[in-house]
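> Next comes the structure file model-v1.txt, holding compact mmCIF, C-alpha atoms and all ligand atoms.
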```txt
# COMPACT_ATOMS: atom_id res chain seq x y z
CA MET A 1115 0.45 24.20 3.01
CA THR A 1116 -1.82 21.19 2.74
CA THR A 1117 -4.26 20.72 5.57
CA VAL A 1118 -5.89 17.61 6.93
CA GLN A 1119 -8.81 17.56 9.33
CA SER A 1120 -8.34 16.04 12.78
CA ALA A 1121 -10.48 15.87 15.90
CA ARG A 1122 -8.65 19.01 17.08
CA GLY A 1123 -9.32 20.83 13.81
CA PRO A 1124 -7.28 21.38 10.64
CA LEU A 1125 -3.58 20.50 10.70
CA ASP A 1126 -0.74 21.10 8.28
CA THR A 1127 0.16 17.68 6.89
CA ALA A 1128 3.80 18.70 7.49
CA ASP A 1129 3.02 18.65 11.23
CA LEU A 1130 1.54 15.12 11.42
CA GLY A 1131 4.85 13.70 12.62
CA ARG A 1132 4.99 9.95 13.10
CA VAL A 1133 1.61 8.45 12.24
CA LEU A 1134 0.14 5.07 13.14
CA MET A 1135 -2.24 4.71 10.21
CA HIS A 1136 -4.76 2.28 11.73
CA GLU A 1137 -5.56 2.43 15.43
CA HIS A 1138 -8.98 2.43 17.03
CA VAL A 1139 -9.79 4.10 20.31
CA PHE A 1140 -12.84 1.89 20.90
CA VAL A 1141 -14.51 -0.83 18.85
CA LEU A 1142 -17.99 -1.37 20.19
CA THR A 1143 -21.29 -3.02 19.41
CA PRO A 1144 -23.55 -0.62 21.31
CA ASP A 1145 -26.82 -2.41 20.57
CA SER A 1146 -25.54 -5.78 21.86
CA GLN A 1147 -23.49 -4.21 24.62
CA ARG A 1148 -26.62 -2.57 26.03
CA GLN A 1149 -28.52 -5.87 26.10
CA TRP A 1150 -25.98 -8.31 27.37
CA SER A 1151 -23.05 -6.80 29.18
CA ASP A 1152 -21.93 -4.61 32.06
CA GLU A 1153 -18.37 -4.40 30.75
CA TRP A 1154 -18.64 -0.86 29.42
CA ASP A 1155 -18.26 2.00 31.91
CA GLU A 1156 -18.11 5.23 29.91
CA GLU A 1157 -16.15 7.37 32.38
CA GLU A 1158 -13.71 4.61 33.25
CA GLN A 1159 -13.07 3.77 29.59
CA VAL A 1160 -12.62 7.39 28.54
CA ALA A 1161 -10.14 7.97 31.39
CA ASN A 1162 -8.25 4.82 30.43
CA ALA A 1163 -8.09 5.87 26.76
CA ILE A 1164 -6.65 9.25 27.73
CA VAL A 1165 -3.89 7.52 29.72
CA LYS A 1166 -3.07 5.06 26.94
CA LEU A 1167 -3.02 7.66 24.18
CA ASN A 1168 -0.81 9.95 26.24
CA GLU A 1169 1.60 7.05 26.79
CA LEU A 1170 1.69 6.63 23.01
CA ALA A 1171 2.32 10.35 22.50
CA ALA A 1172 5.15 10.23 25.08
CA GLN A 1173 6.67 7.32 23.15
CA GLY A 1174 6.92 9.53 20.04
CA ILE A 1175 3.77 9.07 17.98
CA SER A 1176 2.15 12.38 16.99
CA THR A 1177 -0.93 11.19 15.11
CA ILE A 1178 -3.23 8.19 14.84
CA ALA A 1179 -5.72 7.57 12.05
CA ASP A 1180 -8.83 5.98 13.59
CA PRO A 1181 -10.92 4.12 11.00
CA THR A 1182 -13.85 3.46 13.35
CA VAL A 1183 -16.92 3.98 11.17
CA ASP A 1184 -20.59 2.94 11.10
CA GLY A 1185 -20.61 -0.72 12.13
CA LEU A 1186 -17.77 -0.39 14.66
CA GLY A 1187 -19.54 1.66 17.34
CA ARG A 1188 -18.34 5.03 16.09
CA ASP A 1189 -18.93 7.96 18.46
CA VAL A 1190 -17.05 11.03 17.26
CA ALA A 1191 -18.35 13.21 20.12
CA ARG A 1192 -16.62 10.83 22.52
CA ILE A 1193 -13.45 10.99 20.40
CA ALA A 1194 -13.56 14.80 20.52
CA ARG A 1195 -13.78 14.64 24.31
CA ILE A 1196 -10.71 12.37 24.42
CA GLN A 1197 -8.87 14.46 21.83
CA ALA A 1198 -9.09 17.49 24.13
CA GLU A 1199 -7.09 15.61 26.78
CA VAL A 1200 -4.36 13.94 24.72
CA ASP A 1201 -1.06 15.12 23.21
CA LEU A 1202 -1.47 13.48 19.81
CA ASN A 1203 -3.78 14.10 16.87
CA ILE A 1204 -6.69 11.78 16.18
CA ILE A 1205 -7.84 11.72 12.55
CA VAL A 1206 -11.33 10.25 12.15
CA ALA A 1207 -12.94 8.48 9.22
CA THR A 1208 -16.37 8.17 7.69
CA GLY A 1209 -17.85 5.15 5.96
CA VAL A 1210 -19.59 1.86 6.58
CA TYR A 1211 -17.92 -1.31 7.82
CA THR A 1212 -19.48 -4.54 6.68
CA TYR A 1213 -18.27 -7.88 5.30
CA CYS A 1214 -21.70 -8.84 3.89
CA ASP A 1215 -24.89 -6.76 3.81
CA VAL A 1216 -25.30 -3.03 4.22
CA PRO A 1217 -26.54 -2.06 7.70
CA ASN A 1218 -30.33 -2.48 7.89
CA PHE A 1219 -30.61 1.31 8.11
CA PHE A 1220 -29.60 1.45 4.44
CA ALA A 1221 -31.36 -1.73 3.31
CA PHE A 1222 -34.44 -0.01 1.89
CA ARG A 1223 -33.06 3.40 1.00
CA GLY A 1224 -31.78 4.54 -2.38
CA PRO A 1225 -30.59 1.59 -4.49
CA GLY A 1226 -31.89 -0.70 -1.75
CA ILE A 1227 -35.39 0.10 -3.04
CA ILE A 1228 -34.80 0.67 -6.74
CA PRO A 1229 -31.50 -0.27 -8.38
CA GLY A 1230 -29.92 2.78 -9.95
CA LEU A 1231 -31.27 5.33 -7.46
CA ASP A 1232 -28.65 7.59 -5.90
CA ASP A 1233 -27.20 6.12 -2.74
CA PRO A 1234 -27.87 8.32 0.31
CA MET A 1235 -24.60 7.05 1.77
CA VAL A 1236 -22.67 9.28 -0.61
CA ASP A 1237 -24.21 12.51 0.73
CA PHE A 1238 -23.78 11.32 4.32
CA PHE A 1239 -20.08 10.63 3.76
CA VAL A 1240 -19.57 13.97 1.98
CA ARG A 1241 -21.31 15.80 4.83
CA ASP A 1242 -18.97 14.15 7.37
CA LEU A 1243 -15.96 15.15 5.26
CA GLU A 1244 -16.97 18.69 4.32
CA GLU A 1245 -19.24 19.96 7.11
CA GLY A 1246 -18.58 17.76 10.12
CA VAL A 1247 -19.87 14.70 11.87
CA ARG A 1248 -23.37 15.06 13.35
CA GLY A 1249 -23.31 16.58 16.82
CA THR A 1250 -19.65 17.62 16.64
CA ALA A 1251 -17.37 20.21 15.09
CA VAL A 1252 -15.11 17.40 13.83
CA ARG A 1253 -14.66 16.67 10.14
CA ALA A 1254 -13.68 13.23 8.93
CA ALA A 1255 -10.57 13.07 6.74
CA PHE A 1256 -10.78 9.66 5.08
CA LEU A 1257 -13.21 6.97 3.97
CA LYS A 1258 -13.21 3.43 5.36
CA CYS A 1259 -14.92 0.26 4.18
CA ALA A 1260 -14.21 -3.48 4.18
CA ILE A 1261 -14.05 -6.58 2.04
CA ASP A 1262 -13.22 -9.80 3.87
CA HIS A 1263 -13.07 -13.47 2.83
CA HIS A 1264 -16.78 -13.35 1.90
CA GLY A 1265 -15.63 -11.44 -1.16
CA LEU A 1266 -17.48 -8.77 -3.12
CA THR A 1267 -21.02 -9.26 -1.79
CA PRO A 1268 -23.71 -6.87 -3.09
CA GLY A 1269 -23.56 -4.96 0.21
CA VAL A 1270 -19.77 -4.64 0.15
CA GLU A 1271 -19.85 -3.49 -3.47
CA ARG A 1272 -22.52 -0.89 -2.73
CA VAL A 1273 -20.41 0.63 0.06
CA LEU A 1274 -17.21 0.52 -1.99
CA ARG A 1275 -18.85 2.33 -4.91
CA ALA A 1276 -20.47 4.90 -2.57
CA GLU A 1277 -17.08 5.62 -1.02
CA ALA A 1278 -15.52 5.96 -4.47
CA ALA A 1279 -18.19 8.54 -5.32
CA ALA A 1280 -17.58 10.46 -2.08
CA HIS A 1281 -13.83 10.33 -2.75
CA LEU A 1282 -14.30 11.74 -6.26
CA ARG A 1283 -16.44 14.58 -4.89
CA THR A 1284 -14.18 15.51 -1.96
CA GLY A 1285 -10.68 14.19 -2.67
CA ALA A 1286 -10.63 12.37 0.69
CA PRO A 1287 -8.52 9.20 0.56
CA ILE A 1288 -9.92 5.71 1.08
CA MET A 1289 -8.91 2.84 3.38
CA VAL A 1290 -10.25 -0.63 2.66
CA HIS A 1291 -10.05 -3.47 5.17
CA THR A 1292 -8.94 -6.39 2.99
CA HIS A 1293 -8.35 -10.12 3.41
CA PRO A 1294 -5.06 -10.71 1.60
CA GLY A 1295 -5.31 -14.49 2.12
CA THR A 1296 -8.09 -14.55 -0.48
CA GLN A 1297 -6.57 -11.63 -2.43
CA THR A 1298 -9.60 -9.37 -2.01
CA GLY A 1299 -7.32 -6.44 -2.92
CA LEU A 1300 -7.81 -7.52 -6.53
CA GLU A 1301 -11.58 -6.94 -6.23
CA VAL A 1302 -10.87 -3.52 -4.74
CA MET A 1303 -8.60 -2.80 -7.70
CA ARG A 1304 -11.30 -3.80 -10.19
CA VAL A 1305 -14.17 -1.85 -8.60
CA LEU A 1306 -12.24 1.30 -7.71
CA GLY A 1307 -10.58 1.17 -11.13
CA GLU A 1308 -14.02 1.12 -12.77
CA GLU A 1309 -14.99 4.13 -10.65
CA GLY A 1310 -11.88 6.07 -11.71
CA VAL A 1311 -10.15 6.19 -8.33
CA ALA A 1312 -6.36 6.67 -8.36
CA PHE A 1313 -4.91 3.77 -6.36
CA GLU A 1314 -2.28 6.08 -4.82
CA ARG A 1315 -5.13 7.43 -2.66
CA VAL A 1316 -6.11 4.01 -1.33
CA ILE A 1317 -4.73 1.99 1.59
CA LEU A 1318 -5.30 -1.75 1.47
CA ALA A 1319 -5.52 -2.36 5.20
CA HIS A 1320 -4.32 -5.64 6.69
CA SER A 1321 -1.98 -6.39 3.79
CA GLY A 1322 0.50 -7.29 6.53
CA ASP A 1323 -1.59 -10.36 7.42
CA SER A 1324 -0.01 -11.97 4.34
CA THR A 1325 3.54 -13.13 3.65
CA ASP A 1326 2.94 -13.32 -0.12
CA ALA A 1327 5.49 -10.81 -1.39
CA GLU A 1328 4.52 -11.43 -5.02
CA HIS A 1329 0.87 -10.59 -4.43
CA LEU A 1330 1.56 -7.60 -2.19
CA GLY A 1331 4.27 -6.34 -4.52
CA SER A 1332 1.87 -6.43 -7.47
CA LEU A 1333 -0.66 -4.32 -5.50
CA ALA A 1334 2.07 -1.84 -4.59
CA GLU A 1335 3.16 -1.73 -8.23
CA ALA A 1336 -0.42 -0.83 -9.15
CA GLY A 1337 -0.03 2.17 -6.83
CA PHE A 1338 -1.79 1.11 -3.62
CA LEU A 1339 -0.49 1.82 -0.14
CA LEU A 1340 -0.22 -1.37 1.90
CA GLY A 1341 -1.36 -1.38 5.53
CA MET A 1342 1.18 -3.40 7.54
CA ASP A 1343 -1.13 -2.63 10.35
CA ARG A 1344 -1.81 -5.57 12.61
CA PHE A 1345 1.43 -5.90 14.55
CA GLY A 1346 0.60 -7.59 17.83
CA ILE A 1347 -2.17 -9.82 16.49
CA ASP A 1348 0.31 -12.65 16.72
CA ALA A 1349 -2.33 -15.38 16.84
CA THR A 1350 -3.11 -14.91 13.13
CA LEU A 1351 0.49 -14.24 12.02
CA ASP A 1352 3.49 -14.31 14.31
CA PHE A 1353 5.80 -11.38 15.02
CA GLU A 1354 8.76 -12.67 12.97
CA SER A 1355 6.59 -13.23 9.89
CA ARG A 1356 4.97 -9.81 10.17
CA VAL A 1357 8.40 -8.20 10.41
CA ALA A 1358 9.88 -10.35 7.63
CA ILE A 1359 7.31 -9.36 5.00
CA VAL A 1360 7.95 -5.65 5.67
CA VAL A 1361 11.69 -6.27 5.37
CA GLU A 1362 11.19 -8.14 2.10
CA LEU A 1363 8.94 -5.46 0.60
CA CYS A 1364 11.47 -2.80 1.60
CA ARG A 1365 14.17 -4.88 -0.11
CA ARG A 1366 11.99 -4.92 -3.23
CA GLY A 1367 11.77 -1.13 -3.19
CA PHE A 1368 8.30 -0.63 -1.70
CA SER A 1369 9.11 1.31 1.50
CA GLY A 1370 7.35 4.28 -0.10
CA GLN A 1371 4.12 2.29 -0.18
CA MET A 1372 3.70 0.84 3.29
CA VAL A 1373 2.26 2.25 6.48
CA LEU A 1374 2.58 0.73 9.96
CA ALA A 1375 0.09 0.20 12.78
CA GLN A 1376 -1.37 -2.31 15.21
CA ASP A 1377 -5.15 -2.13 14.65
CA ALA A 1378 -5.30 -1.92 18.43
CA ALA A 1379 -7.98 -0.37 20.63
CA CYS A 1380 -8.23 0.70 24.25
CA TYR A 1381 -11.28 -1.51 24.44
CA ILE A 1382 -12.95 -3.82 21.92
CA ASP A 1383 -16.11 -5.71 22.88
CA TRP A 1384 -15.71 -8.32 20.11
CA ILE A 1385 -13.44 -10.48 22.23
CA ASP A 1386 -14.25 -12.48 25.35
CA PRO A 1387 -12.28 -10.81 28.17
CA MET A 1388 -10.94 -14.31 28.99
CA PHE A 1389 -8.93 -14.32 25.75
CA LYS A 1390 -7.61 -10.78 25.74
CA GLY A 1391 -4.53 -11.85 27.70
CA ALA A 1392 -3.55 -14.16 24.84
CA LEU A 1393 -2.32 -11.20 22.76
CA PRO A 1394 0.15 -9.41 25.06
CA ASN A 1395 1.76 -7.42 22.21
CA TRP A 1396 -1.53 -6.10 20.86
CA ASN A 1397 -1.26 -2.57 22.21
CA TYR A 1398 -0.40 0.92 21.00
CA LEU A 1399 3.28 0.77 22.02
CA HIS A 1400 4.35 -2.30 20.04
CA VAL A 1401 5.30 -0.64 16.72
CA LEU A 1402 7.81 1.84 18.13
CA GLY A 1403 8.81 -0.40 21.03
CA ASP A 1404 9.45 -3.70 19.22
CA VAL A 1405 8.68 -3.57 15.50
CA VAL A 1406 10.86 -0.64 14.43
CA PRO A 1407 13.93 -1.95 16.32
CA ALA A 1408 13.39 -5.36 14.68
CA LEU A 1409 13.13 -3.78 11.21
CA LEU A 1410 16.34 -1.81 11.76
CA GLU A 1411 18.17 -4.95 12.96
CA ARG A 1412 17.13 -6.72 9.77
CA GLY A 1413 18.49 -4.05 7.44
CA VAL A 1414 15.61 -1.63 6.98
CA THR A 1415 17.07 1.89 7.12
CA GLU A 1416 16.01 4.80 9.33
CA SER A 1417 14.90 6.70 6.26
CA GLN A 1418 12.71 3.78 5.13
CA VAL A 1419 11.13 3.71 8.59
CA ASP A 1420 10.50 7.46 8.27
CA GLU A 1421 8.80 6.91 4.93
CA MET A 1422 6.44 4.34 6.47
CA LEU A 1423 5.66 6.38 9.59
CA VAL A 1424 5.89 9.98 8.31
CA GLY A 1425 6.19 10.48 4.56
CA ASN A 1426 3.65 7.97 3.29
CA PRO A 1427 0.85 9.00 5.70
CA ARG A 1428 1.55 12.65 4.86
CA ARG A 1429 1.30 11.94 1.14
CA TYR A 1430 -1.88 9.88 1.64
CA PHE A 1431 -3.57 12.83 3.36
CA GLY A 1432 -2.60 15.08 0.49
CA GLY A 1433 0.73 16.56 1.58
ZN ZN B 1 -9.34 -1.84 12.29
```
Kindly transcribe the structure held in the file into structure tokens.
Ligand SMILES: [Zn+2]

Amino acid sequence: MTTVQSARGPLDTADLGRVLMHEHVFVLTPDSQRQWSDEWDEEEQVANAIVKLNELAAQGISTIADPTVDGLGRDVARIARIQAEVDLNIIVATGVYTYCDVPNFFAFRGPGIIPGLDDPMVDFFVRDLEEGVRGTAVRAAFLKCAIDHHGLTPGVERVLRAEAAAHLRTGAPIMVHTHPGTQTGLEVMRVLGEEGVAFERVILAHSGDSTDAEHLGSLAEAGFLLGMDRFGIDATLDFESRVAIVVELCRRGFSGQMVLAQDAACYIDWIDPMFKGALPNWNYLHVLGDVVPALLERGVTESQVDEMLVGNPRRYFGG
């Protein structure tokens, strides 16, 4: 039996069931939120999240992987409270989310003071993975970082290398937010390759924002898992295109290297409430409700869907 940590404790990877590999519960900017907005009501939002996650469980999803780390308003104690009330497993991550600089907290620590000093991030990540997240009994099960169209800035590189080090110490897999339009997956390949990370343990999140089958196929051939994980964000790429690239990559033999999700949240404070109505499909129920039927209609088989929702997540978490 291979176990993976979740917010309800260790689970057998054989029991993960259907997994949405990239869903947030909340994405928040607590410092700004506190200054400028009355939108957040803790009790109301927690109650709403419990309802939405139980709807998702009733639809047939057994597990979500929540890559909400430092920089996205992470609060694992709140997740643990929600986990106790919902019928699916929530797997939490550790890491730092930035497109540019490291958070100021890290600016003048470790290599931020003297290049070459050990990075305190590594021990923090390992503690989250091996002992538990501060103030909770919950252990993180994967590492999350980001590289966007700004490319490999010094801050992004520092986080990526720290996560590689934590991965090598713990075996926890890595998820990297990428920007496939500028092929930042290639930078991930270079840096993680230098660090000795096996690409089979790495998800390149947001690969599904691209329709470039050649580029994505080459990343899959290198071993990476591709996150086809933004279904419902139709303003950046429409539904038909998001479906079509998954169909094409399945046709090319890569169903064993894709995972599906929506990158949705019960509440995200990054978006003006006025515009939230513009993305009606951006919710937890879209993948099973609309995407999977569309894939099946276009020739993807049930067993390929099972690979993307069950087998590949299980393998990623070590099963
Ligand atoms: Zn995300």
> With ligand ZN 1 (chain B) as the partner and 8 Å as the cut-off, tabulate the residues of chain A that qualify, each row holding the nearest pair of atoms and their distance in Å to one decimal, using only C-alpha atoms and all ligand atoms, sorted by chain and rising number, as a tab-separated table.

```
residue	atom	partner	partner_atom	distance
A:His1136	CA	B:ZN1	ZN	6.2
A:Glu1137	CA	B:ZN1	ZN	6.5
A:His1138	CA	B:ZN1	ZN	6.4
A:Asp1180	CA	B:ZN1	ZN	7.9
A:Pro1181	CA	B:ZN1	ZN	6.3
A:Thr1182	CA	B:ZN1	ZN	7.0
A:His1291	CA	B:ZN1	ZN	7.3
A:Asp1377	CA	B:ZN1	ZN	4.8
A:Ala1378	CA	B:ZN1	ZN	7.4
```
> Determine, counting only C-alpha atoms, which protein, DNA and RNA residues have an atom within 12 Å of an atom of Ala1319 (chain A); residues of the same chain fewer than 5 positions away are not included. Present the result as a VMD selection string.
chain A and resid 1135 to 1137 1181 1258 to 1262 1288 to 1294 1298 to 1299 1302 1324 1330 1333 1338 to 1344 1371 to 1377
> Taking 5 positions as the minimum chain separation for residues in the same chain, which residues sit within 8 Å of Asn1395 (chain A) when counting only C-alpha atoms? Answer as a PDB file with C-alpha atoms, keeping the file's coordinate frame.

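Just written: result.pdb:
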```pdb
ATOM      1  CA  PHE A1345       1.430  -5.900  14.550  1.00  0.00           C
ATOM      2  CA  GLY A1346       0.600  -7.590  17.830  1.00  0.00           C
ATOM      3  CA  ILE A1347      -2.170  -9.820  16.490  1.00  0.00           C
ATOM      4  CA  ASP A1348       0.310 -12.650  16.720  1.00  0.00           C
ATOM      5  CA  HIS A1400       4.350  -2.300  20.040  1.00  0.00           C
TER       6      HIS A1400
END
```
> Taking all atoms listed in the file into account, which of A:Thr1143, A:Leu1423, A:Asn1203, A:His1263 comes nearest Glu1301 (chain A)?
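Using all atoms listed in the file, Glu1301 (chain A) sits closest to A:His1263.
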> With only C-alpha atoms as the counted atoms, please give the residues lying no more than 9 Å from Pro1427 (chain A), apart from itself and same-chain residues fewer than 6 positions off, as a ChimeraX atom specification.
/A:1127,1130,1132-1135,1372-1373,1421,1433
> Which residue gives the smallest distance to Glu1199 (chain A) among A:Asp1233, A:Gly1224, A:Val1160, A:Trp1384, with only C-alpha atoms counted?
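With only C-alpha atoms as the atom set, the closest residue is A:Val1160.
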> Kindly indicate which residue among A:Ile1228, A:Tyr1381, A:Lys1390, A:Asp1404 lies nearest to Glu1153 (chain A), using all atoms listed in the file for the distances.
A:Tyr1381
> At a cut-off of 12 Å, using all atoms listed in the file, what residues contact Cys1364 (chain A)? Leave out same-chain residues fewer than 5 positions from it and give the result as JSON, numbers by chain.
{"A": [1327, 1330, 1331, 1334, 1340, 1342, 1357, 1358, 1359, 1369, 1370, 1371, 1372, 1373, 1409, 1410, 1412, 1413, 1414, 1415, 1416, 1417, 1418, 1419, 1421, 1422]}
> What is the CA of Leu1231 (chain A)-CA of Leu1243 (chain A) distance in Å, reported with one decimal?
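According to the coordinates, CA of Leu1231 (chain A) and CA of Leu1243 (chain A) are separated by 22.2 Å.
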> Grab the CA of Gly1403 (chain A) to CA of Thr1325 (chain A) distance for me, in Å with one decimal place.
22.2 Å
> Find, counting only C-alpha atoms, the residue in A:Ala1312, A:Ala1163, A:Val1200, A:Ile1205 that gets nearest to Thr1177 (chain A).
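Closest to Thr1177 (chain A) of all the choices is A:Ile1205.
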